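A.B. asks: Provided herewith: start20.cif, mmCIF, C-alpha atoms.
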```
data_model
loop_
_atom_site.label_atom_id
_atom_site.label_comp_id
_atom_site.auth_asym_id
_atom_site.auth_seq_id
_atom_site.Cartn_x
_atom_site.Cartn_y
_atom_site.Cartn_z
CA MET B 1 -1.77 -30.41 8.63
CA ARG B 2 -0.28 -26.93 8.70
CA ARG B 3 -3.28 -25.11 10.10
CA SER B 4 -1.37 -22.22 11.69
CA ALA B 5 0.55 -21.41 8.52
CA LEU B 6 -2.80 -21.27 6.74
CA LEU B 7 -4.06 -18.72 9.26
CA VAL B 8 -0.98 -16.55 8.68
CA LEU B 9 -1.53 -16.60 4.91
CA ALA B 10 -5.30 -16.05 5.14
CA ASP B 11 -5.09 -13.22 7.69
CA GLY B 12 -6.53 -9.97 6.36
CA ARG B 13 -3.51 -8.24 7.89
CA PHE B 14 -1.09 -10.19 5.70
CA PRO B 15 0.79 -7.21 4.23
CA ALA B 16 0.24 -7.78 0.52
CA GLY B 17 -1.78 -4.74 -0.49
CA GLY B 18 -5.31 -6.15 -0.32
CA HIS B 19 -6.54 -3.38 1.97
CA ALA B 20 -6.49 -0.86 -0.88
CA HIS B 21 -8.85 -2.93 -3.07
CA SER B 22 -12.61 -3.42 -2.67
CA GLY B 23 -13.08 -6.39 -5.01
CA GLY B 24 -15.63 -4.42 -7.02
CA ALA B 25 -17.61 -3.35 -3.95
CA GLU B 26 -16.92 0.37 -4.41
CA ALA B 27 -18.39 0.39 -7.92
CA ALA B 28 -21.34 -1.74 -6.78
CA VAL B 29 -22.06 0.59 -3.85
CA LYS B 30 -21.98 3.65 -6.11
CA ALA B 31 -24.32 1.95 -8.59
CA GLY B 32 -26.76 1.18 -5.78
CA ARG B 33 -26.30 -2.58 -6.04
CA ILE B 34 -25.05 -2.87 -2.46
CA THR B 35 -26.94 -0.79 0.10
CA ASP B 36 -27.16 -3.11 3.10
CA ALA B 37 -26.05 -6.47 4.49
CA ALA B 38 -28.44 -8.40 2.23
CA GLY B 39 -27.01 -6.66 -0.83
CA LEU B 40 -23.51 -7.40 0.38
CA ALA B 41 -24.41 -11.08 0.79
CA ALA B 42 -25.80 -11.26 -2.75
CA PHE B 43 -22.74 -9.51 -4.16
CA CYS B 44 -20.34 -11.79 -2.29
CA ARG B 45 -22.23 -14.91 -3.32
CA GLY B 46 -22.05 -13.89 -6.97
CA ARG B 47 -18.37 -13.11 -6.76
CA LEU B 48 -17.64 -16.34 -4.90
CA HIS B 49 -19.19 -18.60 -7.55
CA THR B 50 -17.68 -16.76 -10.53
CA THR B 51 -14.28 -15.08 -10.22
CA GLY B 52 -13.83 -16.68 -6.79
CA LEU B 53 -13.99 -20.18 -8.24
CA THR B 54 -11.72 -19.27 -11.16
CA SER B 55 -9.12 -17.58 -8.97
CA ALA B 56 -9.19 -20.34 -6.37
CA ALA B 57 -8.49 -22.95 -9.05
CA LEU B 58 -5.53 -20.93 -10.33
CA ALA B 59 -4.13 -20.74 -6.81
CA ALA B 60 -4.68 -24.46 -6.24
CA ALA B 61 -2.90 -25.24 -9.52
CA ALA B 62 0.07 -23.08 -8.50
CA ALA B 63 0.16 -24.81 -5.11
CA LEU B 64 0.29 -28.16 -6.91
CA GLY B 65 3.41 -27.00 -8.76
CA HIS B 66 1.97 -26.30 -12.21
CA ASP B 67 4.09 -24.03 -14.42
CA PRO B 68 3.59 -20.38 -13.36
CA TYR B 69 4.08 -19.19 -16.98
CA GLU B 70 1.21 -21.38 -18.11
CA LEU B 71 -0.90 -20.25 -15.17
CA ASP B 72 -0.12 -16.61 -15.93
CA ARG B 73 -1.46 -17.12 -19.45
CA ALA B 74 -4.45 -19.04 -18.15
CA ALA B 75 -5.24 -16.19 -15.76
CA ASP B 76 -4.90 -13.59 -18.52
CA ALA B 77 -7.29 -15.57 -20.70
CA ARG B 78 -9.83 -15.65 -17.86
CA THR B 79 -9.62 -11.92 -17.07
CA PRO B 80 -11.12 -9.89 -19.94
CA SER B 81 -10.91 -6.54 -18.11
CA LEU B 82 -7.59 -4.72 -18.49
CA ALA B 83 -8.26 -2.89 -15.23
CA LEU B 84 -8.64 -6.21 -13.41
CA ARG B 85 -5.58 -7.76 -15.08
CA SER B 86 -3.57 -4.72 -13.96
CA ALA B 87 -4.95 -4.92 -10.43
CA ALA B 88 -4.23 -8.68 -10.28
CA ARG B 89 -0.62 -8.18 -11.39
CA LYS B 90 -0.09 -5.26 -9.03
CA LEU B 91 -1.42 -7.31 -6.12
CA GLY B 92 0.60 -10.29 -7.33
CA ARG B 93 3.77 -8.24 -7.19
CA GLN B 94 2.94 -7.10 -3.67
CA MET B 95 2.11 -10.66 -2.64
CA THR B 96 5.43 -11.83 -4.08
CA ARG B 97 7.28 -9.33 -1.91
CA ALA B 98 5.38 -10.29 1.22
CA ALA B 99 5.66 -14.04 0.58
CA ARG B 100 9.41 -13.90 -0.11
CA ALA B 101 9.98 -12.08 3.17
CA THR B 102 7.65 -14.46 5.04
CA TRP B 103 8.56 -17.86 3.54
CA PRO B 104 11.91 -17.36 1.75
CA CYS B 105 12.59 -20.00 -0.87
CA ALA B 106 14.20 -20.44 -4.30
CA GLU B 107 10.85 -20.95 -6.03
CA LEU B 108 9.52 -17.56 -4.93
CA ASP B 109 12.86 -15.89 -5.80
CA ALA B 110 12.57 -17.40 -9.28
CA LEU B 111 8.99 -16.18 -9.59
CA ALA B 112 10.06 -12.63 -8.70
CA ALA B 113 12.82 -12.77 -11.29
CA ALA B 114 10.50 -14.19 -13.97
CA PHE B 115 7.75 -11.64 -13.33
CA PRO B 116 9.38 -8.42 -12.08
CA ARG B 117 6.11 -6.53 -12.69
CA GLY B 118 4.09 -9.29 -11.06
CA THR B 119 1.94 -12.18 -12.20
CA HIS B 120 -1.70 -12.67 -11.22
CA GLN B 121 -2.20 -12.60 -7.46
CA PRO B 122 -3.88 -16.04 -7.14
CA VAL B 123 -0.89 -17.67 -8.85
CA VAL B 124 1.47 -16.01 -6.38
CA LEU B 125 -0.77 -16.95 -3.47
CA GLY B 126 -0.68 -20.58 -4.62
CA LEU B 127 3.12 -20.55 -4.70
CA ALA B 128 3.20 -18.81 -1.32
CA ALA B 129 0.99 -21.57 0.07
CA ARG B 130 3.39 -24.13 -1.40
CA ALA B 131 6.33 -22.33 0.21
CA ALA B 132 4.49 -22.40 3.54
CA GLY B 133 4.06 -26.16 3.26
CA LEU B 134 0.36 -25.88 2.43
CA GLY B 135 -1.63 -27.78 -0.18
CA PRO B 136 -3.95 -26.87 -3.06
CA GLU B 137 -7.08 -27.03 -0.90
CA ASP B 138 -5.50 -24.57 1.52
CA ALA B 139 -4.61 -22.16 -1.28
CA ALA B 140 -8.13 -22.43 -2.72
CA HIS B 141 -9.67 -21.72 0.69
CA CYS B 142 -7.48 -18.61 1.10
CA VAL B 143 -8.61 -17.26 -2.25
CA VAL B 144 -12.32 -17.92 -1.76
CA TYR B 145 -12.15 -16.31 1.65
CA GLU B 146 -10.46 -13.15 0.39
CA THR B 147 -12.89 -13.11 -2.56
CA VAL B 148 -15.66 -12.30 -0.08
CA SER B 149 -13.81 -10.77 2.88
CA GLY B 150 -12.34 -7.98 0.71
CA PRO B 151 -15.73 -6.65 -0.43
CA ALA B 152 -17.13 -7.10 3.10
CA SER B 153 -14.49 -4.95 4.77
CA ALA B 154 -14.74 -2.40 1.97
CA ALA B 155 -18.53 -2.24 2.43
CA VAL B 156 -18.03 -1.52 6.13
CA ARG B 157 -15.91 1.50 5.18
CA LEU B 158 -18.03 2.63 2.22
CA LEU B 159 -21.51 2.27 3.74
CA SER B 160 -20.71 2.51 7.46
CA LEU B 161 -22.30 -0.93 7.50
CA ASP B 162 -22.56 -2.57 10.91
CA PRO B 163 -19.33 -4.63 11.13
CA PHE B 164 -21.11 -7.41 13.01
CA GLN B 165 -23.61 -7.78 10.18
CA ALA B 166 -20.82 -7.81 7.59
CA THR B 167 -18.99 -10.56 9.46
CA ALA B 168 -22.23 -12.52 9.84
CA VAL B 169 -22.57 -12.37 6.03
CA LEU B 170 -19.18 -14.07 5.74
CA ALA B 171 -20.07 -16.68 8.33
CA ARG B 172 -23.28 -17.61 6.52
CA LEU B 173 -21.33 -18.02 3.28
CA ALA B 174 -18.82 -20.39 4.88
CA PRO B 175 -20.43 -23.68 3.68
CA GLU B 176 -20.53 -22.33 0.12
CA MET B 177 -16.92 -21.18 0.41
CA ASP B 178 -15.92 -24.72 1.37
CA GLN B 179 -17.76 -26.15 -1.63
CA VAL B 180 -16.18 -23.70 -4.06
CA ALA B 181 -12.70 -24.32 -2.66
CA GLU B 182 -13.12 -28.10 -2.97
CA ARG B 183 -14.37 -27.73 -6.53
CA ALA B 184 -11.46 -25.46 -7.42
CA ALA B 185 -8.86 -27.81 -5.97
CA ALA B 186 -10.43 -30.83 -7.67
CA ALA B 187 -10.31 -29.04 -11.04
CA ALA B 188 -6.68 -28.03 -10.49
CA ARG B 189 -5.74 -31.65 -9.86
CA GLN B 190 -6.97 -32.50 -13.35
CA GLY B 191 -4.54 -30.06 -14.97
CA ILE B 192 -4.43 -26.56 -16.43
CA ASP B 193 -6.80 -27.37 -19.28
CA HIS B 194 -9.47 -28.28 -16.75
CA LEU B 195 -9.36 -25.03 -14.77
CA PRO B 196 -12.77 -23.35 -14.56
CA ALA B 197 -13.38 -20.10 -16.44
CA ALA B 198 -16.43 -18.73 -14.65
CA SER B 199 -16.67 -14.94 -14.90
CA ALA B 200 -18.96 -12.09 -13.89
CA PRO B 201 -19.41 -9.65 -16.79
CA LEU B 202 -20.87 -6.95 -14.55
CA LEU B 203 -17.75 -7.04 -12.35
CA ASP B 204 -15.59 -6.68 -15.47
CA ILE B 205 -17.60 -3.75 -16.86
CA ALA B 206 -17.85 -1.98 -13.50
CA ALA B 207 -14.09 -2.44 -12.94
CA GLU B 208 -13.34 -0.69 -16.24
CA GLN B 209 -15.61 2.20 -15.28
CA HIS B 210 -14.21 2.38 -11.73
CA ALA B 211 -10.64 2.60 -13.04
CA ALA B 212 -11.60 5.81 -14.85
CA TRP B 213 -13.13 7.57 -11.84
CA PRO B 214 -11.15 10.68 -10.86
CA VAL B 215 -12.07 10.30 -7.17
CA ARG B 216 -12.28 6.91 -5.46
CA LEU B 217 -11.39 5.36 -2.14
CA PHE B 218 -10.16 1.99 -3.44
CA ALA B 219 -7.73 1.06 -6.21
CA SER B 220 -10.16 -1.51 -7.63
CA MET G 1 8.57 -26.34 -14.55
CA HIS G 2 10.78 -23.38 -15.34
CA LEU G 3 11.33 -22.23 -11.81
CA ASP G 4 13.03 -25.13 -10.08
CA HIS G 5 16.55 -23.78 -10.44
CA SER G 6 18.18 -21.81 -7.67
CA HIS G 7 19.51 -18.32 -8.32
CA ASP G 8 20.16 -15.05 -6.55
CA GLY G 9 17.03 -12.99 -6.93
CA PRO G 10 16.77 -9.37 -5.88
CA SER G 11 16.59 -8.74 -2.18
CA ALA G 12 13.26 -9.31 -0.50
CA VAL G 13 14.22 -7.27 2.56
CA SER G 14 12.36 -3.99 2.48
CA ALA G 15 14.70 -1.95 4.67
CA ASP G 16 17.85 -3.10 2.88
CA ALA G 17 20.11 -0.10 2.25
CA HIS G 18 21.28 -1.46 -1.09
CA ARG G 19 19.61 -1.96 -4.42
CA PRO G 20 19.70 -5.36 -6.17
CA ASP G 21 22.75 -4.22 -8.19
CA GLY G 22 24.66 -3.45 -4.99
CA THR G 23 24.50 0.36 -5.20
CA ARG G 24 23.27 2.32 -2.23
CA ARG G 25 19.63 3.30 -2.54
CA ALA G 26 18.17 6.76 -1.91
CA LEU G 27 17.51 8.03 1.59
CA ARG G 28 13.77 7.71 2.24
CA VAL G 29 12.13 10.32 4.45
CA GLY G 30 8.46 10.12 5.46
CA LEU G 31 6.28 13.15 6.13
CA GLY G 32 3.11 12.61 8.16
CA GLY G 33 0.71 14.72 10.17
CA PRO G 34 -2.90 15.88 10.46
CA VAL G 35 -4.97 17.11 7.51
CA GLY G 36 -4.15 20.67 6.51
CA SER G 37 -0.97 21.07 8.55
CA GLY G 38 1.09 21.79 5.43
CA LYS G 39 2.67 18.46 4.50
CA THR G 40 2.31 18.93 0.75
CA ALA G 41 3.41 22.57 0.96
CA THR G 42 6.47 21.43 2.94
CA VAL G 43 7.26 18.76 0.34
CA ALA G 44 6.95 21.35 -2.43
CA ALA G 45 9.19 23.81 -0.60
CA LEU G 46 11.76 21.07 0.12
CA CYS G 47 11.84 20.10 -3.56
CA ARG G 48 12.46 23.72 -4.57
CA ALA G 49 15.16 24.14 -1.92
CA LEU G 50 17.01 20.89 -2.63
CA ARG G 51 16.42 19.97 -6.28
CA ASP G 52 19.36 21.93 -7.69
CA ARG G 53 21.87 19.89 -5.69
CA LEU G 54 20.05 16.60 -5.21
CA SER G 55 18.23 14.05 -7.33
CA ILE G 56 14.78 13.85 -5.69
CA ALA G 57 11.51 11.94 -6.15
CA VAL G 58 8.22 12.04 -4.24
CA VAL G 59 5.61 9.41 -3.37
CA THR G 60 2.20 10.68 -2.24
CA ASN G 61 -0.41 8.66 -0.31
CA ASP G 62 -3.70 10.43 -0.87
CA ILE G 63 -6.82 9.25 0.91
CA TYR G 64 -9.23 9.32 -2.01
CA THR G 65 -7.85 11.50 -4.80
CA ARG G 66 -4.63 12.32 -6.57
CA GLU G 67 -4.80 15.88 -5.27
CA ASP G 68 -1.49 15.95 -3.46
CA ALA G 69 0.33 14.54 -6.47
CA GLU G 70 -1.51 16.99 -8.72
CA PHE G 71 -0.65 19.94 -6.47
CA LEU G 72 3.03 19.05 -6.83
CA LEU G 73 2.64 18.63 -10.59
CA ARG G 74 0.72 21.88 -11.01
CA ASN G 75 3.37 23.76 -9.10
CA ALA G 76 6.03 22.06 -11.21
CA VAL G 77 8.30 21.40 -8.23
CA LEU G 78 9.57 18.25 -9.98
CA PRO G 79 9.12 16.72 -13.44
CA PRO G 80 6.03 14.44 -13.51
CA GLU G 81 8.06 11.24 -13.85
CA ARG G 82 9.53 11.95 -10.39
CA ILE G 83 6.15 11.99 -8.64
CA GLN G 84 4.13 8.84 -7.97
CA ALA G 85 0.78 8.48 -6.21
CA VAL G 86 -0.13 5.40 -4.15
CA GLU G 87 -3.80 4.51 -3.64
CA THR G 88 -4.53 3.70 -0.02
CA GLY G 89 -8.05 2.23 0.17
CA ALA G 90 -9.29 4.91 2.57
CA CYS G 91 -6.52 4.13 5.06
CA PRO G 92 -3.32 6.12 4.50
CA HIS G 93 -1.83 4.99 7.80
CA THR G 94 -2.22 1.36 6.73
CA ALA G 95 -0.24 2.03 3.55
CA ILE G 96 2.65 3.69 5.42
CA ARG G 97 2.77 1.43 8.49
CA ASP G 98 0.89 -1.89 8.46
CA ASP G 99 1.11 -2.88 4.80
CA ILE G 100 3.91 -0.99 3.09
CA SER G 101 4.04 -3.14 -0.04
CA ALA G 102 2.53 -0.57 -2.44
CA ASN G 103 4.79 2.20 -1.16
CA LEU G 104 7.89 0.01 -1.46
CA GLU G 105 6.95 -0.72 -5.05
CA ALA G 106 6.55 2.99 -5.72
CA VAL G 107 9.98 3.93 -4.30
CA GLU G 108 11.67 1.09 -6.16
CA ASP G 109 9.92 1.97 -9.43
CA LEU G 110 11.07 5.58 -9.06
CA GLU G 111 14.68 4.50 -8.52
CA ASP G 112 14.45 2.24 -11.56
CA ALA G 113 12.81 4.87 -13.76
CA VAL G 114 14.60 8.12 -12.86
CA GLY G 115 17.47 6.97 -10.60
CA PRO G 116 20.02 7.15 -9.26
CA LEU G 117 18.25 9.20 -6.61
CA ASP G 118 19.64 10.86 -3.49
CA LEU G 119 16.35 11.40 -1.69
CA ILE G 120 12.78 10.10 -1.84
CA LEU G 121 10.15 11.99 0.14
CA VAL G 122 7.18 9.77 1.09
CA GLU G 123 4.18 11.90 2.02
CA SER G 124 1.33 10.37 4.01
CA GLY G 125 -2.25 11.40 3.42
CA GLY G 126 -3.51 13.67 6.19
CA ASP G 127 -4.39 11.36 9.04
CA ASN G 128 -4.36 11.58 12.79
CA LEU G 129 -1.92 11.95 15.64
CA THR G 130 -1.17 8.23 15.79
CA ALA G 131 0.07 7.85 12.20
CA THR G 132 3.70 6.79 11.93
CA PHE G 133 5.79 5.29 9.15
CA SER G 134 7.16 1.76 9.23
CA LYS G 135 10.93 1.47 9.54
CA GLY G 136 10.67 -0.97 6.64
CA LEU G 137 9.59 1.92 4.42
CA VAL G 138 11.48 5.04 5.55
CA ASP G 139 14.84 5.78 7.15
CA ALA G 140 13.59 8.85 9.00
CA GLN G 141 10.26 10.54 9.55
CA ILE G 142 9.02 14.07 9.94
CA PHE G 143 5.74 14.89 11.67
CA VAL G 144 4.14 18.16 10.56
CA ILE G 145 1.62 19.95 12.78
CA ASP G 146 0.56 23.58 12.66
CA VAL G 147 -0.17 26.32 15.17
CA ALA G 148 -3.75 26.76 13.91
CA GLY G 149 -4.64 23.15 14.70
CA GLY G 150 -4.46 24.04 18.39
CA ASP G 151 -1.45 24.81 20.56
CA ASP G 152 -2.28 21.85 22.81
CA ILE G 153 -1.28 19.24 20.17
CA PRO G 154 2.33 18.91 21.43
CA ARG G 155 1.02 18.42 24.98
CA LYS G 156 -1.41 15.71 23.80
CA GLY G 157 1.51 13.81 22.33
CA GLY G 158 0.75 10.61 20.43
CA PRO G 159 3.21 8.49 18.44
CA GLY G 160 3.69 11.10 15.68
CA VAL G 161 4.52 14.00 17.98
CA THR G 162 6.47 11.88 20.44
CA THR G 163 8.59 9.63 18.25
CA ALA G 164 9.09 11.37 14.86
CA ASP G 165 12.75 12.08 14.09
CA LEU G 166 11.80 15.71 13.45
CA LEU G 167 8.71 17.60 14.62
CA VAL G 168 7.78 20.55 12.42
CA VAL G 169 5.41 23.18 13.85
CA ASN G 170 4.21 24.98 10.73
CA LYS G 171 2.32 28.23 10.03
CA THR G 172 3.95 30.22 12.81
CA ASP G 173 2.86 33.38 10.95
CA LEU G 174 -0.74 32.54 11.96
CA ALA G 175 0.00 32.25 15.70
CA PRO G 176 -1.09 35.81 16.62
CA TYR G 177 -4.40 35.39 14.74
CA VAL G 178 -5.41 32.09 16.32
CA GLY G 179 -4.11 32.80 19.80
CA SER G 180 -1.49 30.04 19.79
CA ASP G 181 1.35 30.28 22.29
CA LEU G 182 4.53 29.24 20.47
CA GLU G 183 6.63 29.14 23.64
CA ARG G 184 4.13 26.84 25.27
CA MET G 185 4.19 24.58 22.18
CA ALA G 186 7.99 24.46 22.29
CA ARG G 187 7.96 23.67 26.02
CA ASP G 188 5.35 20.91 25.65
CA ALA G 189 7.17 19.42 22.66
CA LYS G 190 10.43 19.35 24.61
CA GLU G 191 8.67 17.55 27.43
CA GLN G 192 7.22 14.93 25.07
CA ARG G 193 10.29 14.47 22.90
CA GLY G 194 13.32 14.93 25.09
CA GLU G 195 16.35 15.46 22.87
CA LEU G 196 14.52 14.86 19.56
CA PRO G 197 14.55 18.05 17.46
CA VAL G 198 11.65 20.47 16.89
CA VAL G 199 11.62 23.26 14.31
CA PHE G 200 9.14 26.09 13.74
CA THR G 201 8.39 27.09 10.15
CA SER G 202 6.39 29.61 8.19
CA LEU G 203 6.39 28.70 4.53
CA THR G 204 5.01 32.10 3.51
CA GLY G 205 8.35 33.73 4.33
CA GLN G 206 11.49 33.75 2.19
CA ASP G 207 13.22 30.34 2.47
CA GLY G 208 10.77 29.38 5.24
CA VAL G 209 11.51 25.68 4.86
CA ALA G 210 15.25 26.16 5.56
CA PRO G 211 15.21 24.50 9.04
CA VAL G 212 13.69 21.33 7.55
CA ALA G 213 15.97 21.39 4.51
CA ASP G 214 19.02 21.73 6.78
CA TRP G 215 17.86 18.75 8.84
CA ILE G 216 17.44 16.64 5.70
CA ARG G 217 20.91 17.64 4.47
CA ALA G 218 22.34 16.42 7.77
CA ARG G 219 20.45 13.09 7.45
CA LEU G 220 21.80 12.72 3.92
CA ALA G 221 25.34 13.32 5.14
CA ASP G 222 24.86 10.55 7.74
CA TRP G 223 23.31 8.26 5.10
CA ALA G 224 26.17 8.71 2.66
CA ALA G 225 28.84 8.31 5.38
#
```
Please lay out the structure from this file as structure tokens.
C.D. replies:
Amino acid sequence: MRRSALLVLADGRFPAGGHAHSGGAEAAVKAGRITDAAGLAAFCRGRLHTTGLTSAALAAAAALGHDPYELDRAADARTPSLALRSAARKLGRQMTRAARATWPCAELDALAAAFPRGTHQPVVLGLAARAAGLGPEDAAHCVVYETVSGPASAAVRLLSLDPFQATAVLARLAPEMDQVAERAAAAARQGIDHLPAASAPLLDIAAEQHAAWPVRLFAS
Amino acid sequence: MHLDHSHDGPSAVSADAHRPDGTRRALRVGLGGPVGSGKTATVAALCRALRDRLSIAVVTNDIYTREDAEFLLRNAVLPPERIQAVETGACPHTAIRDDISANLEAVEDLEDAVGPLDLILVESGGDNLTATFSKGLVDAQIFVIDVAGGDDIPRKGGPGVTTADLLVVNKTDLAPYVGSDLERMARDAKEQRGELPVVFTSLTGQDGVAPVADWIRARLADWAA
């Protein structure tokens, strides 16, 4: 049990660049798909069960010690949008920096040397969890939580949504987050070939469009 | 697993004065201050004043556009490969203080791409009087305010006015038109800042940025010593 280390890694203030990304919420707000707390809940639920599950399983696999090169390729194969692959690598590079300063270890040094431009963020998060003495379930929980907390905090900024309502959305999703994290970790224990590949085509398409906007608040 | 060998990776310490190859990195100077006080104009003027003698690059932190980077490009103060924009997710102060990871990547990428560099100017998006740069990101910071924003800003203080290594009071040429009392601003700034320096600038005049450029030259001399 390393509960406090898990809180450090899962904290939204962990300085790894997440604050500049909306997890697709900015594009969804502009398209009118999120206008209120109910819309935010629906968006988060969709993201949780698709890319959230896939990313959480990648993180759990990294935490178990699976080969990061293989996981990098597995993540590429599961991310059809170039904009989202770029964002994932950028965030992965930032996470690598933060994790190496926070939990210094040879494995993270080697990851930085192997991927100087960054690998996918969930893979790095899984290795960071490993460096912090955490397990695959912990890594999966971190990823599913940031899968929904990122869009929620972005929606508060984009829509001036009541922050209490946004946090209540997260709280109501908690049982589903637990289920998705358990599923992700169980898949990761079966090996890389068993990792889920759930995706959300609308998130991929909207991310490509968002990346081309001349004026935007969030990087993705 | 490929990664179970030990080796000496590049430094993970953000404020480290040396690059992974052991050479000394560029001096990093942050410029912050309220919207419209003249941060980008000051950066442009500094580039023009210093670029003949120094190898310079700029990182901008816009709030929601690439306008500051594009202003610098349009005015051709530096070649485009020496200017990089960081996206800040609506919170420029977060990107320069609480989570500096994107800015550190930008300064390191610039050193890799166009280095060796003597000086990197990191410009914050226009924010408020509490915005300051992390010491993990910059070696020194300049806070830019202007006389038209109200001559009571130095008296109000705040972390930017009080703790910046240099306070710049810009647009002194406008003081008579907006009824700002420069002597009062100087007095209030002295009271807030003690021995920390304050300079008054008007970038419309010939070589108006000289007091700031001189201060940066002195910081560079200390850095190289």
A.B. asks: With only C-alpha atoms as the counted atoms, please give the residues lying no more than 8 Å from stretch 107-117 of chain G, apart from itself and same-chain residues fewer than 6 positions off, as a PDB file with C-alpha atoms, in the coordinates of the input.
C.D. replies:
```pdb
ATOM      1  CA  ARG G  25      19.630   3.300  -2.540  1.00  0.00           C
ATOM      2  CA  ALA G  26      18.170   6.760  -1.910  1.00  0.00           C
ATOM      3  CA  LEU G  54      20.050  16.600  -5.210  1.00  0.00           C
ATOM      4  CA  SER G  55      18.230  14.050  -7.330  1.00  0.00           C
ATOM      5  CA  ILE G  56      14.780  13.850  -5.690  1.00  0.00           C
ATOM      6  CA  ALA G  57      11.510  11.940  -6.150  1.00  0.00           C
ATOM      7  CA  VAL G  59       5.610   9.410  -3.370  1.00  0.00           C
ATOM      8  CA  GLU G  81       8.060  11.240 -13.850  1.00  0.00           C
ATOM      9  CA  ARG G  82       9.530  11.950 -10.390  1.00  0.00           C
ATOM     10  CA  GLN G  84       4.130   8.840  -7.970  1.00  0.00           C
TER      11      GLN G  84
END
```
A.B. asks: Each residue of stretch 109-184 of chain B with at least one atom at most 7 Å from stretch 89-97 of chain B should appear once, together with its nearest atom pair and the corresponding distance in Å (one decimal); atoms considered: all atoms listed in the file; ordering: chain, then increasing residue number; output as JSON lines.
C.D. replies:
```
{"residue": "B:Ala112", "atom": "CA", "partner": "B:Thr96", "partner_atom": "CA", "distance": 6.6}
{"residue": "B:Arg117", "atom": "CA", "partner": "B:Arg93", "partner_atom": "CA", "distance": 6.2}
{"residue": "B:Gly118", "atom": "CA", "partner": "B:Arg93", "partner_atom": "CA", "distance": 4.0}
{"residue": "B:Thr119", "atom": "CA", "partner": "B:Arg89", "partner_atom": "CA", "distance": 4.8}
{"residue": "B:His120", "atom": "CA", "partner": "B:Arg89", "partner_atom": "CA", "distance": 4.6}
{"residue": "B:Gln121", "atom": "CA", "partner": "B:Gly92", "partner_atom": "CA", "distance": 3.6}
{"residue": "B:Val124", "atom": "CA", "partner": "B:Gly92", "partner_atom": "CA", "distance": 5.9}
{"residue": "B:Leu125", "atom": "CA", "partner": "B:Met95", "partner_atom": "CA", "distance": 7.0}
```
A.B. asks: Just need the residues of chain B within 10 Å of chain G, counting all atoms listed in the file, so spit them out as a PyMOL selection string.
C.D. replies: chain B and resi 13-22+65-70+90-91+93-102+104-114+116-117+154+157-158+213-220
A.B. asks: I'd like to see the residues matched by the PyMOL selection byres ((chain G and resi 180-194) around 7) on this file, and ideally I'd get them as a ChimeraX atom specification.
C.D. replies: /G:147,150-151,154-155,157,162-163,175-176,178-179,195-196
A.B. asks: Could you spell out the hits of the PyMOL selection byres ((chain G and resi 199) around 6) on the shown file, as number ranges by chain?
C.D. replies: G: 168, 198, 200
A.B. asks: Could you please give me, as a VMD selection string, the residues of protein, DNA or RNA lying at most 9 Å from (-6.8, -18.4, -9.9) in the coordinate frame of the file, considering all atoms listed in the file?
C.D. replies: chain B and resid 51 to 62 71 74 to 75 78 120 to 123 125 to 126 140 143 184 195
A.B. asks: Using only C-alpha atoms, which of the listed residues (B:Asp193, B:Ala171, B:Ser199, B:Ala37) sits closest to B:Arg73?
C.D. replies: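 With only C-alpha atoms as the atom set, the closest residue is B:Asp193.
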A.B. asks: Kindly give the distance, in Å, that separates atom CA of B:Gly12 and atom CA of B:Val156, rounded to a single decimal.
C.D. replies: 14.3 Å
